[in-house]
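*Asks:* Dropping the structure in here first, questions after.
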Amino acid sequence: MEPTKEQLLWMYEQMLVIRDFEETMVNVYLEGKLPPEIQEGLAFDIGSGLVPGEMHLAAGQEPVAVGSCVHLTDDDTITGTHRPHHFAIAKGISLNSLAAEMFGKVTGLGRGKGGHMHLFSVDKKFGCSGIIGAGMPQACGAALAAKKQGKDWVTVTFFGEGAANQGSFHESLNLAAIWNLPVIFICEDNKYAISVTREESTAIANNADRAIGYGIPGVRVENNDAVEVYDVVGEAVARGRQGKGPSLIEVSTDRYLGHFQGDAEAYRPENEVSTLRENDPIDRLQQQLLDSGMTEEEDSQIKERTKASVQEAYAFARESAYPDTSEATQHVFV
Amino acid sequence: MEPTKEQLLWMYEQMLVIRDFEETMVNVYLEGKLPPEIQEGLAFDIGSGLVPGEMHLAAGQEPVAVGSCVHLTDDDTITGTHRPHHFAIAKGISLNSLAAEMFGKVTGLGRGKGGHMHLFSVDKKFGCSGIIGAGMPQACGAALAAKKQGKDWVTVTFFGEGAANQGSFHESLNLAAIWNLPVIFICEDNKYAISVTREESTAIANNADRAIGYGIPGVRVENNDAVEVYDVVGEAVARGRQGKGPSLIEVSTDRYLGHFQGDAEAYRPENEVSTLRENDPIDRLQQQLLDSGMTEEEDSQIKERTKASVQEAYAFARESAYPDTSEATQHVFV
Amino acid sequence: MADRELTMAAAISEAIAQEMENDDNVFVMGEDVAKYGGIFGATGGLLDKFGTDRVMDTPISETAFIGAATGAAAEGMRPIVELMFVDFFGVCMDQIYNHMAKNTYMSGGNVKLPVVLTTAIGGGYNDAAQHSQCLYGLFAHVPGLKIVVPSNAYDAKGLMIESIRDDNPVMYFFHKGIMGLPWMAYFTGSTNEVPEESYSIPFGQAKVVREGTDVTIVTLSQMVHKSTAAADALAEDGISAEIIDLRTLVPLDRETVLNSVRKTGRLCVADEDYLSFGLSGEIAALVAENLDSTNLNGSVKRLAVPDVPIPYSRPLEQTVIPQVAHIESTVREMMN
Amino acid sequence: MADRELTMAAAISEAIAQEMENDDNVFVMGEDVAKYGGIFGATGGLLDKFGTDRVMDTPISETAFIGAATGAAAEGMRPIVELMFVDFFGVCMDQIYNHMAKNTYMSGGNVKLPVVLTTAIGGGYNDAAQHSQCLYGLFAHVPGLKIVVPSNAYDAKGLMIESIRDDNPVMYFFHKGIMGLPWMAYFTGSTNEVPEESYSIPFGQAKVVREGTDVTIVTLSQMVHKSTAAADALAEDGISAEIIDLRTLVPLDRETVLNSVRKTGRLCVADEDYLSFGLSGEIAALVAENLDSTNLNGSVKRLAVPDVPIPYSRPLEQTVIPQVAHIESTVREMMN
Ligand SMILES: Cc1ncc(C[n+]2csc(CCOP(=O)(O)OP(=O)(O)O)c2C)c(N)n1
Ligand SMILES: Cc1ncc(C[n+]2csc(CCOP(=O)(O)OP(=O)(O)O)c2C)c(N)n1
Ligand SMILES: [Mg+2]
Ligand SMILES: [Mg+2]
């Protein structure tokens with residue numbers, strides 16, 4: 001499958017937004033956590049600042065998100081991971097509500113109650129979880145609902161290569177296969193599960209080969225490339241819409257930052273990231289677009305637009321109010 | 001791999017013991033449960049009689065147990081299932097302590113505290129569980145211990161075809177593969193998980209194909225045949241002892257009785273079992289032995305011996321005492 | 001409408017059937033719920049009425065299919081999903097307590113998850129340590145799940161209808177020993193009159209199943225019937241026990257318990273769950289927190305499984321699971 | 001021996017290292033326990049000392065590797081296995097509570113399972129609903145697990161050595177906010193003097209960390225330090241609080257709690273777990289069960305998370321997790 005020019009531009013712009021959102025967060029996250037005046041001996045305080053708690057950023061992993069979501073509508077469902085921003089943005093969740101959620105503000109997606117690993121949008125049919133492998137079963141359920149309702153909606157579930165060794169992977173793929181559910185299982189292979197490498201954790205080189213165990217198609221995409229993801233996911237989405245059942249896709253991608261912010265990454269070979277960054281997927285798509293007619297000026301406009309939207313989102317988050325403390329005991333039940 | 005005459009005879013005799021133990025239980029289990037004088041409207045009372053609680057019998061599934069255990073010594077470990085008698089007997093656990101456990105007697109393997117799904121022998125290195133799929137992780141641990149201790153001991157873990165869709169299957173196979181553990185994963189495909197057929201539950205026709213997902217050998221044995229099991233498991237055990245890692249084996253076998261005693265089996269095609277029984281694996285091995293020189297008299301001797309041992313076991317169980325009620329609160333901790 | 005007695009199993013499946021007729025979004029899934037009708041009969045007859053699309057047998061993949069219930073509920077379906085024995089929760093607890101129970105809260109109330117998770121509890125028939133537990137206290141401990149534990153067919157039907165109509169995750173615990181199964185002895189009080197028409201029973205309303213003046217026995221599920229038998233025996237000696245059937249643990253009807261204790265001055269909790277850090281502690285704590293306003297005649301007593309796995313052997317099992325005689329003798333002691 | 005202050009993380013890893021030196025059967029496994037040294041530092045430095053055979057990073061397969069710990073222990077090994085956050089227990093609870101915890105009992109005492117299962121607990125740094133729970137009460141509820149919850153480095157070392165030497169499954173809960181991590185603010189009392197030599201602290205001995213006469217605060221883990229701060233403030237107004245650090249929940253030192261309550265006449269439980277059906281209820285129930293022998297001045301008070309998932313947003317999290325000010329004001333109310 002080949003993307004149209006419009007789709008290429010959409011993917012490019014979305015990748016820019018994601019990258020900018022994530023890189024902006026790198027700095028915002030540190031505000032109030034450094035210098036370590038909070039306590040002696042402390043280099044950093046995770047619980048302080050504007051955005052406390054863990055923060056898992058997806059810079060470098062944009063292609064899998066945009067190459068998948070370009071095929072989806074608001075009727076299709078996504079279940080994401082603990083590293084969910086790129087999926088959420090590509091699925092069309094407003095940057096403002098996303099940023100505000102991370103600031104714990106009442107204007108956030110979940111009124112500040114979820115936090116960055118727990119983003120839910122009923123409108124955009126998006127959910128995620130801080131528990132590794134937890135999205136896959138729920139994706140089966142969303143797809144089952146679509147099937148029962150006679151819709152051609154698909155569900156995409158993203159998970160890391162580390163999650164592919166969790167029991168829920170196996171159970172969900174088997175369930176989706178026997179019930180012929182329109183679920184696209186997409187594994188982001190960024191080579192690490194925190195400090196544990198893919199080789200240390202995974203018995204085979206290609207998780208897509210595990211599709212054989214469920215009698216469904218399995219494809220691996222190399223090279224962290226949005227256009228290649230577009231192609232492979234496009235086929236899988238079409239299969240799903242046609243009632244042909246689930247697919248398993250693995251995408252080789254790259255984690256530019258630490259597992260979470262504050263990760264010293266002592267386990268990672270020096271220069272690994274700088275080498276990866278030399279082959280950046282956004283740069284590559286930019287070049288492809290420039291080669292095929294996008295002008296420098298158009299490019300600048302896109303960049304300005306994306307920058308502005310990200311800046312607005314963070315400003316909105318800063319300015320928003322915290323939820324009233326009375327909300328703490330609300331919403332346990334609807 | 002070819003069994004010796006001695007091994008063939010051992011397998012034959014063990015199968016007879018198992019079959020006799022299980023078929024004797026069919027009747028013993030009903031003692032005191034029928035006629036239903038306990039309560040009006042009751043056809044049967046599971047909680048009454050000599051042997052209360054659930055009872056899962058393995059008649060028909062003898063080949064997988066004997067064809068595997070013939071390769072094992074007391075140093076090798078087994079983890080079994082909720083349907084564990086055939087494995088326990090083939091591993092050499094005394095019939096007396098086995099029967100007594102099912103009667104809840106203090107002379108039982110677990111002083112009557114475990115019951116028929118929870119048989120543990122430290123001497124024979126045997127354990128099992130009433131939870132589907134639970135034996136596989138523990139098997140990995142036993143094998144890991146052997147490896148750490150520098151022994152060539154192997155661990156065999158048995159599970160049903162229904163269990164092959166449980167998350168623990170995937171996690172355990174992956175773990176065994178990456179750590180190169182001497183575990184032989186043996187799936188008993190008796191076509192049913194209670195009332196749910198293999199086709200309804202399993203995305204592919206051959207669970208051994210799932211070995212591809214872990215980069216290990218996978219073999220399916222058809223025809224519920226002890227000698228074929230002998231061959232395939234023998235190879236896997238040799239691999240394990242040589243430090244070549246885990247194997248996955250599926251054995252096609254047949255459940256002659258209900259899932260548990262009392263199961264009306266309304267879900268099962270009529271005559272299915274009688275047809276299966278016509279191709280009985282014990283009869284086949286008997287014929288093979290007779291063909292290759294076992295005399296009718298030898299055969300009778302074997303049968304007498306096995307009958308006597310089973311009868312003795314049930315008599316021992318009947319006569320043994322219940323544990324003192326003070327034991328109820330003992331052994332939570334050692 | 002003629003008087004009808006139903007078993008609890010029949011009452012539950014009738015409730016489900018009535019709701020399935022009303023609402024196409026309701027469907028049932030679980031191991032052996034279709035062809036078999038549920039190992040404990042809670043879904044008996046549903047497959048014939050509604051077909052395989054709405055009554056679905058699942059593989060042995062509790063994480064996948066219970067997680068799928070959450071996923072389907074988020075999309076507007078109203079799944080009823082069975083965990084065959086509560087004892088198996090350990091293979092799928094994450095989907096239950098971190099997702100089904102929390103997604104609503106974490107979404108700031110935006111995600112609505114109308115799931116009913118049914119499960120069998122209880123011992124007494126020697127099914128040993130992995131098939132005899134109650135564990136409702138454990139689920140009541142973690143936030144986000146409504147906890148329903150009926151003791152008889154009438155309540156079972158009304159509470160099931162309420163459960164299905166609730167827009168939140170509900171866990172519905174039925175004790176095997178009161179389902180009225182043809183293969184397990186049961187306490188007869190559990191099979192009782194059940195109207196054919198649909199009705200619901202609100203959550204959070206404990207029921208005074210027997211009025212009394214000397215002691216309050218707070219209990220639930222099968223233990224209601226054991227308590228009743230004990231109360232009958234006690235009555236012969238002029239001891240008047242009031243019995244409260246909690247019916248739901250979340251929400252918990254604290255007022256009914258406190259009012260009764262204020263009246264009788266004595267509290268005995270009769271529970272089949274493990275003793276420590278659970279239900280019986282919570283009920284006792286309720287009194288401890290309200291000593292100011294209660295006038296207790298002596299210490300609170302708790303009967304429950306004394307923090308041991310359920311032993312298989314019959315005499316041992318009978319020892320650790322509170323029996324009628326235990327309740328009776330405990331109350332007698334309290335009266336001295 | 002020179003005085004040394006250690007963080008709790010360092011004390012734990014030192015204890016493990018000392019036992020690993022003593023006994024070749026001890027080994028460590030878990031996610032990120034080797035190269036990373038444990039996300040919360042509990043296994044820091046062990047890989048360098050003992051190599052990859054004895055300090056093993058695992059895949060994200062908690063069921064498999066925690067089950068493997070049970071399997072290895074049954075064969076004579078003494079595994080220490082880490083569940084990174086207790087919040088993840090739902091993916092592997094079956095291996096923990098139905099097997100590790102029960103195999104000994106079900107085998108009539110024949111199977112010995114010397115496993116230490118370590119896990120991180122607690123909130124206070126806004127890690128939200130799936131990474132901030134305590135849940136020790138839930139594990140204390142199910143039989144067969146010893147439950148250890150240290151509050152400071154000294155206890156952490158002694159209790160870890162005791163845990164490793166115990167022939168039974170021990171769950172060892174460390175609160176992230178007292179580990180003395182360089183990236184998380186912590187209560188300074190938790191970093192304290194730790195002897196270099198090996199020592200152990202017996203289970204089942206609560207510690208009176210502060211003597212007092214007016215009120216007993218029963219607490220554990222990080223909450224010990226919050227209680228101490230509250231007691232300091234109360235002392236300024238002449239209110240004398242006795243603080244009891246439970247240290248282990250199974251076995252539970254009921255006597256020390258009761259003796260203190262008998263002395264002070266008032267009980268406040270300060271807990272970071274969920275409120276209902278858990279630890280705080282059990283402690284309150286203990287008093288309710290012993291009203292005969294205690295002379296209480298007013299009702300028992302419980303402070304805990306009010307049965308809601310832990311919210312992310314800071315002001316909400318601070319509201320639901322009991323803080324120093326909550327303890328202080330609660331005790332003040334009790335004194336009126
Ligand atoms: C069940 C569970 N186990 C462990 C963790 C802790 N954890 C959080 S992220 C992570 C690594 C995940 O690796 P991967 O799936 O490859 O995703 P990535 O972080 O690389 O995006 C781990 C182990 C968790 N959140 N849930
Ligand atoms: C985790 C778990 N889920 C469900 C059950 C209930 N159960 C007991 S046996 C069984 C069927 C098992 O099928 P299979 O693995 O094929 O073994 P078989 O009974 O055929 O020997 C089921 C579902 C259980 N014991 N544990
Ligand atoms: Mg990864
Ligand atoms: Mg089977």
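By order of appearance in the structure tokens: chains A, B, ..., then residues from 1 within every chain, and ligands from 1 in the order shown.
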Counting only C-alpha atoms, a student should be able to say which residues of chain D come within 8 Å of chain C; what is the right answer, written as a VMD selection string?
*Replies:* chain D and resid 88 to 95 97 to 98 102 105 to 106 129 to 130 137 to 138 140 to 144 274 to 279 281 to 285 287 to 292 298 to 302 307 to 309 311
*Asks:* Only C-alpha atoms, please: the residues just picked out, written as a compact mmCIF listing (two decimals), in the first residue's frame.
*Replies:*
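Ended up saving to out.txt:
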# COMPACT_ATOMS: atom_id res chain seq x y z
CA PHE D 88 1.75 -5.76 39.19
CA PHE D 89 0.76 -8.69 41.40
CA GLY D 90 -2.37 -9.21 39.35
CA VAL D 91 -0.46 -10.80 36.49
CA CYS D 92 1.13 -13.45 38.72
CA MET D 93 -0.99 -13.78 41.84
CA ASP D 94 -1.88 -17.36 41.13
CA GLN D 95 1.73 -18.48 41.36
CA TYR D 97 -1.01 -17.33 46.55
CA ASN D 98 -2.14 -20.70 45.19
CA LYS D 102 0.03 -23.32 49.64
CA TYR D 105 0.38 -27.03 53.44
CA MET D 106 -1.06 -29.14 50.64
CA ALA D 129 -3.34 4.33 40.31
CA GLN D 130 -1.24 1.45 38.99
CA GLY D 137 -3.00 -6.35 53.71
CA LEU D 138 -4.22 -8.35 50.75
CA ALA D 140 -1.52 -10.92 54.69
CA HIS D 141 -5.11 -12.04 54.17
CA VAL D 142 -4.26 -15.15 52.17
CA PRO D 143 -2.58 -17.87 54.19
CA GLY D 144 0.93 -19.16 53.67
CA TYR D 274 -6.88 0.92 51.20
CA LEU D 275 -9.17 1.51 54.14
CA SER D 276 -11.79 -1.20 54.07
CA PHE D 277 -11.36 -4.96 54.45
CA GLY D 278 -7.66 -4.74 55.18
CA LEU D 279 -4.92 -3.95 57.66
CA GLY D 281 -9.65 -3.10 59.99
CA GLU D 282 -7.69 -6.01 61.38
CA ILE D 283 -5.96 -3.84 63.96
CA ALA D 284 -9.22 -2.20 64.96
CA ALA D 285 -10.86 -5.62 65.14
CA VAL D 287 -9.31 -4.21 69.96
CA ALA D 288 -12.96 -5.05 69.35
CA GLU D 289 -12.18 -8.69 70.10
CA ASN D 290 -10.47 -7.70 73.33
CA LEU D 291 -12.82 -5.10 74.70
CA ASP D 292 -13.12 -7.22 77.82
CA GLY D 298 -13.52 6.46 72.92
CA SER D 299 -13.68 4.94 69.50
CA VAL D 300 -10.85 3.59 67.45
CA LYS D 301 -9.75 5.75 64.51
CA ARG D 302 -8.44 4.52 61.22
CA ASP D 307 -11.29 3.16 49.04
CA VAL D 308 -10.43 5.06 45.87
CA PRO D 309 -7.71 4.32 43.32
CA PRO D 311 -5.31 9.72 41.87
*Asks:* To test your reading of the structure, identify every residue in range 29-120 of chain B that backbone DSSP assigns to helix (DSSP H, G or I), and report it as a list of chain:residue names.
*Replies:*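 Those in range 29-120 of chain B that DSSP calls helix (DSSP H, G or I) are B:Tyr29, B:Leu30, B:Glu62, B:Pro63, B:Val64, B:Ala65, B:Val66, B:Gly67, B:Ser68, B:Cys69, B:His85, B:His86, B:Phe87, B:Ala88, B:Ile89, B:Ala90, B:Leu95, B:Asn96, B:Ser97, B:Leu98, B:Ala99, B:Ala100, B:Glu101, B:Met102.
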*Asks:* Please extract the residues at most 7 Å from ligand 4, counting only C-alpha atoms and all ligand atoms, and provide them as a tab-separated table (two decimals) with all heavy atoms, in the first residue's frame, using the chain letters and residue numbers of this document.
*Replies:*
chain	number	residue	atom	x	y	z
B	160	GLY	N	-2.74	-29.93	29.65
B	160	GLY	CA	-3.73	-30.28	28.64
B	160	GLY	C	-3.71	-29.34	27.46
B	160	GLY	O	-3.11	-28.26	27.51
B	161	GLU	N	-4.39	-29.74	26.41
B	161	GLU	CA	-4.45	-28.86	25.23
B	161	GLU	C	-5.23	-27.59	25.58
B	161	GLU	O	-4.98	-26.54	24.97
B	161	GLU	CB	-5.04	-29.60	24.02
B	161	GLU	CG	-6.55	-29.50	23.81
B	161	GLU	CD	-7.35	-30.13	24.94
B	161	GLU	OE1	-6.83	-31.03	25.64
B	161	GLU	OE2	-8.51	-29.71	25.15
B	162	GLY	N	-6.10	-27.68	26.56
B	162	GLY	CA	-6.79	-26.46	27.00
B	162	GLY	C	-5.81	-25.49	27.65
B	162	GLY	O	-5.89	-24.27	27.45
B	188	GLU	N	-0.96	-32.84	26.62
B	188	GLU	CA	-1.89	-33.96	26.41
B	188	GLU	C	-3.10	-33.44	25.67
B	188	GLU	O	-3.98	-32.80	26.28
B	188	GLU	CB	-2.40	-34.47	27.75
B	188	GLU	CG	-1.42	-35.15	28.63
B	188	GLU	CD	-2.16	-35.79	29.82
B	188	GLU	OE1	-2.55	-35.03	30.73
B	188	GLU	OE2	-2.37	-37.00	29.82
B	189	ASP	N	-3.19	-33.74	24.41
B	189	ASP	CA	-4.36	-33.29	23.65
B	189	ASP	C	-5.44	-34.36	23.70
B	189	ASP	O	-5.47	-35.27	22.87
B	189	ASP	CB	-3.95	-33.00	22.20
B	189	ASP	CG	-5.15	-32.62	21.36
B	189	ASP	OD1	-6.22	-32.31	21.94
B	189	ASP	OD2	-5.04	-32.65	20.12
B	190	ASN	N	-6.33	-34.21	24.66
B	190	ASN	CA	-7.45	-35.16	24.73
B	190	ASN	C	-8.71	-34.53	24.13
B	190	ASN	O	-9.82	-35.01	24.36
B	190	ASN	CB	-7.67	-35.64	26.17
B	190	ASN	CG	-8.11	-34.51	27.08
B	190	ASN	OD1	-8.32	-33.37	26.64
B	190	ASN	ND2	-8.25	-34.79	28.37
B	191	LYS	N	-8.49	-33.46	23.36
B	191	LYS	CA	-9.55	-32.84	22.53
B	191	LYS	C	-10.57	-32.00	23.29
B	191	LYS	O	-11.33	-31.26	22.67
B	191	LYS	CB	-10.30	-33.86	21.67
B	191	LYS	CG	-9.47	-35.01	21.08
B	191	LYS	CD	-8.34	-34.55	20.22
B	191	LYS	CE	-7.50	-35.70	19.64
B	191	LYS	NZ	-7.04	-36.74	20.56
B	192	TYR	N	-10.58	-32.14	24.60
B	192	TYR	CA	-11.57	-31.39	25.38
B	192	TYR	C	-10.94	-30.67	26.56
B	192	TYR	O	-10.03	-31.20	27.20
B	192	TYR	CB	-12.64	-32.34	25.96
B	192	TYR	CG	-13.56	-32.92	24.93
B	192	TYR	CD1	-13.30	-34.17	24.37
B	192	TYR	CD2	-14.68	-32.22	24.50
B	192	TYR	CE1	-14.14	-34.71	23.41
B	192	TYR	CE2	-15.53	-32.75	23.54
B	192	TYR	CZ	-15.26	-34.00	23.00
B	192	TYR	OH	-16.10	-34.52	22.05
B	193	ALA	N	-11.44	-29.50	26.84
B	193	ALA	CA	-11.22	-28.83	28.12
B	193	ALA	C	-12.62	-28.74	28.73
B	193	ALA	O	-13.42	-27.88	28.35
B	193	ALA	CB	-10.60	-27.46	27.93
*Asks:* Write out as a Markdown table a residue-level contact list of chain D versus ligand 1 with cut-off 12 Å: for each qualifying residue the closest pair of atoms and the distance in Å to one decimal, counting only C-alpha atoms and all ligand atoms, rows sorted by chain and residue number upward.
*Replies:*
| residue | atom | partner | partner_atom_place_in_ligand_line | distance |
| --- | --- | --- | --- | --- |
| D:Gly30 | CA | ligand 1 | 23 (C) | 9.6 |
| D:Glu31 | CA | ligand 1 | 23 (C) | 6.2 |
| D:Asp32 | CA | ligand 1 | 23 (C) | 7.6 |
| D:Val33 | CA | ligand 1 | 23 (C) | 10.8 |
| D:Tyr36 | CA | ligand 1 | 23 (C) | 11.7 |
| D:Gly38 | CA | ligand 1 | 23 (C) | 11.0 |
| D:Ile39 | CA | ligand 1 | 6 (C) | 9.2 |
| D:Phe40 | CA | ligand 1 | 6 (C) | 11.9 |
| D:Asp57 | CA | ligand 1 | 23 (C) | 10.5 |
| D:Thr58 | CA | ligand 1 | 23 (C) | 9.3 |
| D:Pro59 | CA | ligand 1 | 23 (C) | 7.9 |
| D:Ile60 | CA | ligand 1 | 3 (N) | 5.7 |
| D:Ser61 | CA | ligand 1 | 3 (N) | 7.5 |
| D:Glu62 | CA | ligand 1 | 3 (N) | 6.9 |
| D:Thr63 | CA | ligand 1 | 1 (C) | 9.5 |
| D:Ala64 | CA | ligand 1 | 1 (C) | 11.9 |
| D:Phe65 | CA | ligand 1 | 3 (N) | 11.6 |
| D:Ile66 | CA | ligand 1 | 3 (N) | 11.9 |
| D:Glu82 | CA | ligand 1 | 4 (C) | 10.4 |
| D:Leu83 | CA | ligand 1 | 4 (C) | 7.7 |
| D:Met84 | CA | ligand 1 | 4 (C) | 6.3 |
| D:Phe85 | CA | ligand 1 | 6 (C) | 7.3 |
| D:Val86 | CA | ligand 1 | 3 (N) | 9.7 |
| D:Asp87 | CA | ligand 1 | 26 (N) | 8.2 |
| D:Phe88 | CA | ligand 1 | 1 (C) | 5.0 |
| D:Phe89 | CA | ligand 1 | 1 (C) | 7.8 |
| D:Gly90 | CA | ligand 1 | 1 (C) | 8.0 |
| D:Val91 | CA | ligand 1 | 1 (C) | 6.1 |
| D:Cys92 | CA | ligand 1 | 1 (C) | 8.6 |
| D:Met93 | CA | ligand 1 | 1 (C) | 11.3 |
| D:Thr119 | CA | ligand 1 | 4 (C) | 11.4 |
| D:Ala120 | CA | ligand 1 | 6 (C) | 11.3 |
| D:Asp127 | CA | ligand 1 | 25 (N) | 11.3 |
| D:Ala129 | CA | ligand 1 | 25 (N) | 11.8 |
| D:Gln130 | CA | ligand 1 | 25 (N) | 8.3 |
| D:His131 | CA | ligand 1 | 25 (N) | 8.0 |
| D:Ser132 | CA | ligand 1 | 25 (N) | 11.7 |
*Asks:* Counting only C-alpha atoms and all ligand atoms, what are the residues, protein, DNA or RNA alike, that approach ligand 3 to within 12 Å? I want them as a ChimeraX atom specification.
*Replies:* /A:56-58,61,81-83,132-133,158-165,187-202,250-260 /D:59-60
*Asks:* Between CA of Val209 in chain C and CA of Arg332 in chain C, what is the distance, to one decimal in Å?
*Replies:*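 Going from CA of Val209 in chain C over to CA of Arg332 in chain C covers 20.1 Å.
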*Asks:* Nearest to chain D among A:Ala264, A:Ala142, A:Leu248, A:Leu98, with distances taken over only C-alpha atoms: which residue is it?
*Replies:*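 Nearest to chain D: A:Ala264.
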*Asks:* For a quick test of understanding: name the residues of chain B lying within 8 Å of chain D when counting only C-alpha atoms, and present them as number ranges by chain.
*Replies:* B: 109-115, 118-122, 129, 134, 136-146, 148, 168, 171-172, 175, 330-334
*Asks:* Can you tell me, as a ChimeraX atom specification, which residues in range 150-237 of chain C count as strand (DSSP E) by DSSP?
*Replies:* /C:170-175,192-193,207-210,215-219
*Asks:* Take CA of Lys303 in chain A and CA of Glu22 in chain A and report the distance between them in Å, one decimal.
*Replies:* 15.0 Å
*Asks:* Residues near Leu234 in chain C, anyone? I mean within 7 Å using only C-alpha atoms, not counting same-chain ones fewer than 5 positions away, as a ChimeraX atom specification.
*Replies:* /C:239-240,328
*Asks:* Which of these, B:Thr295, B:Asn207, B:Gln288, B:Ser320, has the shortest distance to chain A once you count only C-alpha atoms?
*Replies:*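 Selected residue with least distance to chain A: B:Asn207.
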*Asks:* Calculate how many Å separate CA of Asp155 in chain C from CA of Thr213 in chain C, rounding to one decimal.
*Replies:* 24.7 Å
*Asks:* Between B:Gln261, B:Asn279, B:Asn174, B:Thr329, single out the one closest to chain A, counting only C-alpha atoms.
*Replies:*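 Smallest separation from chain A among the options: B:Asn174.
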*Asks:* Quick one: which residues from chain A are at most 6 Å off chain B, using only C-alpha atoms, as number ranges by chain?
*Replies:* A: 165, 167-168, 170-171, 174, 177-178, 203-204, 210, 213-215
*Asks:* Would you pick out the contacts of Met56 in chain C at 6 Å or less, using only C-alpha atoms, so that residues sharing its chain but fewer than 4 positions from it are not included, and give the list as a list of chain:residue names?
*Replies:*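 Here the answer would be C:Met29, C:Ala34, C:Thr52.
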*Asks:* Write the residues you've just listed into a file as a CSV table (one decimal), in the first residue's frame, and include N, CA, C and O atoms for each of them.
*Replies:*
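Writing the result to out12.csv gives the following:
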chain,number,residue,atom,x,y,z
C,29,MET,N,-20.1,-14.6,28.5
C,29,MET,CA,-19.0,-15.5,28.1
C,29,MET,C,-18.2,-16.0,29.3
C,29,MET,O,-18.3,-15.5,30.4
C,34,ALA,N,-21.7,-22.1,27.8
C,34,ALA,CA,-22.6,-22.3,26.8
C,34,ALA,C,-23.2,-23.7,26.8
C,34,ALA,O,-24.2,-24.0,27.4
C,52,THR,N,-25.0,-19.0,20.0
C,52,THR,CA,-23.6,-18.9,20.3
C,52,THR,C,-23.0,-17.5,20.2
C,52,THR,O,-22.0,-17.3,20.7
